[in-house]
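A.B. asks: Okay, here's the structure, questions in a sec.
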Amino acid sequence: PRVVIDAKGLLEALGKEERGILENKIAQARSKAARLDGRDLSPLEISQIINGHLKSRAQGTGKPGFLKRRSVDEITPELAPFYAPATESLPLYIRAATKEIERARFFGEDLVRDAEGGLTNLDLSIGNVVNKELAKGKIDFEQAEKLRGLLASRFGPGERASAGPLQTAKNLTNAGLLGHATSAFVQTGDILLSAAAHGILPTIKALASVVTRNPARITVRDLGLINHVSEELAVGSKRPLTVGGHVVSSAKFVEKVFKYSGFSLVDQLGKATSINASFEKNVKLVQTPAGIERLRSRYGEAFGPEFPQLVADLRSRASTEPVRALLFSELSDIQPITKLEVPQAYLDNPNGRVLYMLKTFMLKQADIVRREAIGEMKRGNVAKGTSALLRYSLALGIGGAGTGFIRDWLLGRDSSLEWGDIPENVLKTFGWSQFVADKARQGKIGEAIGSTVLPPWKMWEEIVTADPRAIQYLPLAGRVLYAHEFGGAEKANAAKARRDAAAERAALGLTKEKLND
């Protein structure tokens, strides 16, 4: 398959007459896709339209060749720069084909396609799914409307990408804020989340299996998550652009930064540990009738007639499709690895996703607390809910305090481990950072709230104003350079000393007040 990467340039090169015909065909196809499927055309579909037109013109048939074949016989040297090489077009084609196959599997017999162009009629397909659930009595009318809206968001605007400049801004921001060895090290705290979700012993066993590369382990590749960081971190086309005579790609850039900083490696370690801890936990469950009933109560309806096979596969420690589906589901419960793990507003507003930068993990942890703790308490399971709240709080607090202490040591900052660091780090997970706390303490409530809910704007403010602190956003080495060569450690230590002094004064004032009473 030959994929067009510069449709505008190709249309210009084809001449005015051909450009007019193709622009009209693409516009009509876009309108149809928006009406039937609630989305824009993919690069592959635009390529098919262009290639089909060129093929039909070459054959002199006047028929839309893209309905019969997906590629042209020969691309001239003049047109070659507008096409991706096979090393890039083939993976793009495979991803697009896989997406269409999986969409068809999801809707099954409820899928409705347009008879002429083969496009999915999303509204009718969703209607079939929802009406079937209504007829079975599994949902009421209120739930039906919610389900209809969720599916429309996921398969409609959820498939659309943000505008190119926003994608670039997000990628560069992620590289500047996360592309450091210290950020990679902080990610190791995710392993404690696995312990909270699956148990300490299964997590220790899983970590040992992953580190020693035990052949029997389940890998991230088995679950289709190789080189996968999270839903939001590396976005946009990886096809390079020519800027000022230089070939660049922000998505490839951030991918490389995450690789060489160790961020991707630690992320893969955390995912692999969680996957195998889940495996060990569920293997142990199916060894007893009581454990099987616990598994059935949570997944019996989802797996349906496949549930006995799931139990048998777990007993034999086999990495089968039902087992991988279970492990993927449990990883999704604690990490935002798919578009099903983000807010509906995130899906509905492609350009508004910039507002969720570096917040999907925070929202996922809030969802865990809502689901596993508050939800259980509301259902009357107070002990279970309280236990879950304690487990996750300790995991977030201890993980954040421990990794934060070592990070500060690496950056030359004065730091010590105290019990008070645990609840403080729990709050940091939900956006209450030291910067936010300082602003709130100074009475700058607006800035404190803004820093919590707005995208990470401070990095760009410091870069644009040529603030010396901007050196810390240089990927890979910037944070260490700023700490040890540009006075970053001294400034951080001075700020900590001021906070400690203020806390001591506050404590002393409280003591005097009590004495006067």
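Letters A, B, ... go to the chains of the structure tokens in the order shown; residues in each chain start at 1; ligands are counted from 1 in the same order.
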Identify, with DSSP run on backbone atoms, the residues in region 194-360 of chain A assigned to strand (DSSP E or B), and express the list as a ChimeraX atom specification.

C.D. replies: /A:241-243,246-248

A.B. asks: Quick one: distance from CA of Gly270 (chain A) to CA of Glu341 (chain A) in Å, one decimal?

C.D. replies: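 We find that CA of Gly270 (chain A) and CA of Glu341 (chain A) lie 17.7 Å from each other.
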
A.B. asks: I need the residues of region 340-409 of chain A that end up classed as alpha helix (DSSP H) by DSSP on the backbone, written out as JSON, numbers by chain.

C.D. replies: {"A": [344, 345, 346, 347, 348, 360, 361, 362, 363, 364, 365, 366, 367, 368, 375, 376, 377, 378, 382, 383, 384, 385, 386, 387, 388, 389, 390, 391, 392, 393, 394, 395, 396, 397, 398, 399, 400, 401, 402, 403, 404, 405, 406, 407, 408, 409]}

A.B. asks: Would you save the residues of that selection, restricted to C-alpha atoms, as a tab-separated table (two decimals), in the first residue's frame?

C.D. replies:
chain	number	residue	atom	x	y	z
A	344	GLN	CA	-15.65	11.48	27.91
A	345	ALA	CA	-14.87	15.18	27.45
A	346	TYR	CA	-11.32	14.17	26.47
A	347	LEU	CA	-12.73	12.08	23.63
A	348	ASP	CA	-15.30	14.65	22.52
A	360	THR	CA	-4.69	11.29	33.00
A	361	PHE	CA	-2.65	9.35	35.58
A	362	MET	CA	-3.97	11.61	38.35
A	363	LEU	CA	-7.55	11.13	37.13
A	364	LYS	CA	-7.02	7.37	36.97
A	365	GLN	CA	-5.90	7.27	40.59
A	366	ALA	CA	-8.97	9.31	41.56
A	367	ASP	CA	-11.08	6.79	39.67
A	368	ILE	CA	-9.48	3.93	41.61
A	375	GLY	CA	-17.98	2.87	45.79
A	376	GLU	CA	-17.63	-0.07	48.15
A	377	MET	CA	-18.48	2.10	51.15
A	378	LYS	CA	-21.64	3.35	49.41
A	382	VAL	CA	-17.31	-0.25	54.71
A	383	ALA	CA	-14.48	-2.55	55.80
A	384	LYS	CA	-13.60	-3.47	52.21
A	385	GLY	CA	-13.72	0.15	51.07
A	386	THR	CA	-11.64	1.37	54.00
A	387	SER	CA	-9.06	-1.34	53.39
A	388	ALA	CA	-8.76	-0.36	49.72
A	389	LEU	CA	-8.42	3.31	50.62
A	390	LEU	CA	-5.65	2.51	53.08
A	391	ARG	CA	-3.80	0.27	50.61
A	392	TYR	CA	-3.81	2.78	47.77
A	393	SER	CA	-3.00	5.71	50.06
A	394	LEU	CA	0.01	3.88	51.47
A	395	ALA	CA	1.13	2.81	47.98
A	396	LEU	CA	0.92	6.35	46.61
A	397	GLY	CA	2.40	7.93	49.72
A	398	ILE	CA	5.30	5.53	50.31
A	399	GLY	CA	6.09	5.27	46.60
A	400	GLY	CA	6.12	9.03	46.15
A	401	ALA	CA	8.10	9.70	49.33
A	402	GLY	CA	10.75	7.06	48.60
A	403	THR	CA	11.36	7.94	44.96
A	404	GLY	CA	11.16	11.65	45.76
A	405	PHE	CA	13.86	11.30	48.42
A	406	ILE	CA	16.27	9.59	46.00
A	407	ARG	CA	15.43	12.08	43.23
A	408	ASP	CA	16.22	14.99	45.55
A	409	TRP	CA	19.50	13.33	46.54

A.B. asks: For a quick check of understanding, using only C-alpha atoms, which of A:Phe328, A:Tyr260, A:Glu88, A:Pro289 has the smallest distance to Ala272 (chain A)?

C.D. replies: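 Looking only at the distances to Ala272 (chain A), the closest residue turns out to be A:Phe328.
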
A.B. asks: I'd like the neighbourhood of Ala29 (chain A) as JSON, numbers by chain, where a residue qualifies if any of its atoms comes within 10 Å (using only C-alpha atoms), though same-chain residues fewer than 6 positions away should be ignored.

C.D. replies: {"A": [23, 35, 40, 41, 45, 46, 49, 117, 119]}

A.B. asks: Please determine, counting only C-alpha atoms, which residue among A:Leu134, A:Val254, A:Leu331, A:Leu166 has the shortest atom-to-atom distance to Leu178 (chain A).

C.D. replies: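 The answer is A:Val254, which sits nearest to Leu178 (chain A).
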
A.B. asks: Please identify every residue of region 169-196 of chain A that has at least one atom no farther than 10 Å from an atom of region 276-279 of chain A, counting only C-alpha atoms, and for each give the shortest atom pair and the distance in Å to one decimal, arranged by chain then increasing number, as a Markdown table.

C.D. replies:
| residue | atom | partner | partner_atom | distance |
| --- | --- | --- | --- | --- |
| A:Ile191 | CA | A:Ala277 | CA | 9.8 |
| A:Ser194 | CA | A:Ala277 | CA | 7.0 |
| A:Ala195 | CA | A:Ala277 | CA | 7.9 |

A.B. asks: Counting only C-alpha atoms, what are the residues of region 329-419 of chain A within 12 Å of region 477-498 of chain A, and for each of them which pair of atoms is the nearest and at what distance in Å, to one decimal? Sort the table by chain and rising number, as a Markdown table.

C.D. replies:
| residue | atom | partner | partner_atom | distance |
| --- | --- | --- | --- | --- |
| A:Arg407 | CA | A:Val480 | CA | 10.4 |
| A:Asp408 | CA | A:Ala489 | CA | 8.8 |
| A:Trp409 | CA | A:Ala489 | CA | 9.8 |
| A:Leu410 | CA | A:Val480 | CA | 8.0 |
| A:Leu411 | CA | A:Ala483 | CA | 5.6 |
| A:Gly412 | CA | A:Ala489 | CA | 5.4 |
| A:Arg413 | CA | A:Ala489 | CA | 5.2 |
| A:Asp414 | CA | A:Asn493 | CA | 5.8 |
| A:Ser415 | CA | A:Asn493 | CA | 8.7 |
| A:Ser416 | CA | A:Lys496 | CA | 11.5 |

A.B. asks: With distances taken over only C-alpha atoms, which residue among A:Lys136, A:Lys428, A:Arg113, A:Arg19 lies nearest Asp37 (chain A)?

C.D. replies: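 The shortest atom-to-atom distance to Asp37 (chain A) comes from A:Arg113.
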